[in-house]
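Colleague: Mind having a look at this structure? Questions to follow.
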Amino acid sequence: MLSEPRSGRLAAWGNALLAGFVSPDDAVLAIVGEDAVHRVEGLPGEAGPVGLTLALGRLRALGVTGLRVALPAPGHPLGLSGPPDFNARALDAEEAVVCHGGALGLVPEVYEAGPAGDVHVEVVWHCLPVREAPPADVPSLGEAERELAEALREATDVLSRLDVAGSGPVAEAAVDAYRARAERGREVLAPGYPPRAVRVLELAQRVGLLISVAYENGHGGAVSASEMAARTEALRPVERTARRAQVAAYNAFVEERERGVR
C-alpha cells in the first residue's frame, strides 16, 4: 500500500495521453518511473512485445478510450470483471489495468536483475481479454472519501491504544520517505484528473503509510495474543478501504467521462 502501484501510473498517465493532456514521451516517462523499461506482450495485431508508446497508440486504435485500475486481494476482486483467467493473473500480481472501450486488460510481470543497490527492473504487461462488465466493488469518490476518513479515525484510535501506530527506525524511515516525496511536489495524479480524486488518493496513500508502518514495526506494544489480534482486526478493514479509495481515485477519469462531465 505504501508504494504507488504500477497499474496506477499506467492508468493515470495513459488516460491523460488518450485525452490529449500530455505527450506520448511524457506519459511513457511517468509510467516507467524508476524502472528500466516497460513492454506490452499479447497486444492484438502485434507478433511480439512492443514498447509503451506503440502499445498505447494501438489501444487507442482498437477503440480504448480510458483505463481503469484493479487492486484485487484474496477474497476481494476489487476492480475486476472477469473472466476467471484474467482475474487469477491479476490476483497473483495484486494489480491490473482494465481497458474501457475495448475488452482488454493488462497485468504486470516484474523482472529484477543485478546486485543489491543496482537492481535493474523490467516490466512486461501481459495483454489479455476481459469481460465488459462493471468492475467489482469500486465506490464513488464521495463514498471512498467518507469511508476512508471514518476508517482512519477508527484505526488510529485502536492502534494508539495498542501503542503500535509507529515508532522506531523502520517507522521513522517510512515517514521520512513519504515526506521527501511530498516535499518534491510530485504529481499525485496525471493532468486532467478532478481535484477530489487527487485529495482521495493522497489520503489513501497516507493511510497506506500508517498500515505499512504498523505491520513492519513488529508487534509494538501489543504484547498479548488478544492485543495482536485486535491490531490485525483494526488494520484489515482500513487496508481494504484504502485500496477501494485508491481504485476510485485512479478510475475517476473514466467515471467522469462516462457521466459526460468531460
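How things are named: the first chain in the C-alpha cells is A, the next is B, and so on; residues count from 1 in each chain; ligands count from 1 in the order shown.
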Give me, as a count of residues only, the residues of stretch 67-96 of chain A that a backbone DSSP run labels strand (DSSP E).
Modeller: 5
Colleague: Tell me, which residues of stretch 4-215 of chain A carry DSSP helix (DSSP H, G or I), written as a PyMOL selection string?
Modeller: chain A and resi 6-18+24-32+52-61+84-93+141-161+169-183+195-215
Colleague: Pick out the closest residue to A:Gly102 from this set: A:Gly63, A:His76, A:Ser140, A:Arg89. Count only C-alpha atoms.
Modeller: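 Selected residue with least distance to A:Gly102: A:Gly63.
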Colleague: Which residues come within 10 Å of A:Val110, counting only C-alpha atoms, excluding same-chain residues fewer than 5 positions away, as a list in words?
Modeller: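 Once the nearby chain positions are removed, what remains is Asp35, His38, Ala93, Val121, Glu122, Val123, Val124 and Trp125 of chain A.
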Colleague: Could you tell me how far atom CA of A:Arg206 lies from atom CA of A:Leu152, in Å and to one decimal?
Modeller: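 It comes out at 9.5 Å.
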Colleague: Mind giving me the straight-line distance from atom CA of A:Arg9 to atom CA of A:Val32 in Å, one decimal?
Modeller: 8.2 Å
Colleague: Record the distance separating atom CA of A:Pro195 and atom CA of A:Ala245, expressed in Å with one decimal.
Modeller: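 Straight-line distance from atom CA of A:Pro195 to atom CA of A:Ala245 works out to 14.3 Å.
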Colleague: Which of these residues is nearest to A:Val188, using only C-alpha atoms: A:Ala133, A:Ala249, A:Val98, A:Val22?
Modeller: A:Ala249
Colleague: With distances taken over only C-alpha atoms, which of A:Val213, A:Leu59, A:Ala136, A:Ala151 is nearest to A:Leu71?
Modeller: A:Ala136
Colleague: Find the residues near A:Arg6: any atom within 9 Å, counting only C-alpha atoms, skip ones fewer than 5 places away on the same chain, and give them as a ChimeraX atom specification.
Modeller: /A:11,31-33,95-96,108
Colleague: I need the residue nearest A:Val50 from this list: A:Cys99, A:Ala234, A:Tyr111, A:Val37. Use only C-alpha atoms for the distance.
Modeller: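 Nearest candidate to A:Val50 out of A:Cys99, A:Ala234, A:Tyr111, A:Val37: A:Val37.
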Colleague: With distances taken over only C-alpha atoms, which of A:Pro139, A:Gly117, A:Gly105, A:Pro74 is nearest to A:Leu91?
Modeller: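 Counting only C-alpha atoms, the residue closest to A:Leu91 is A:Pro74.
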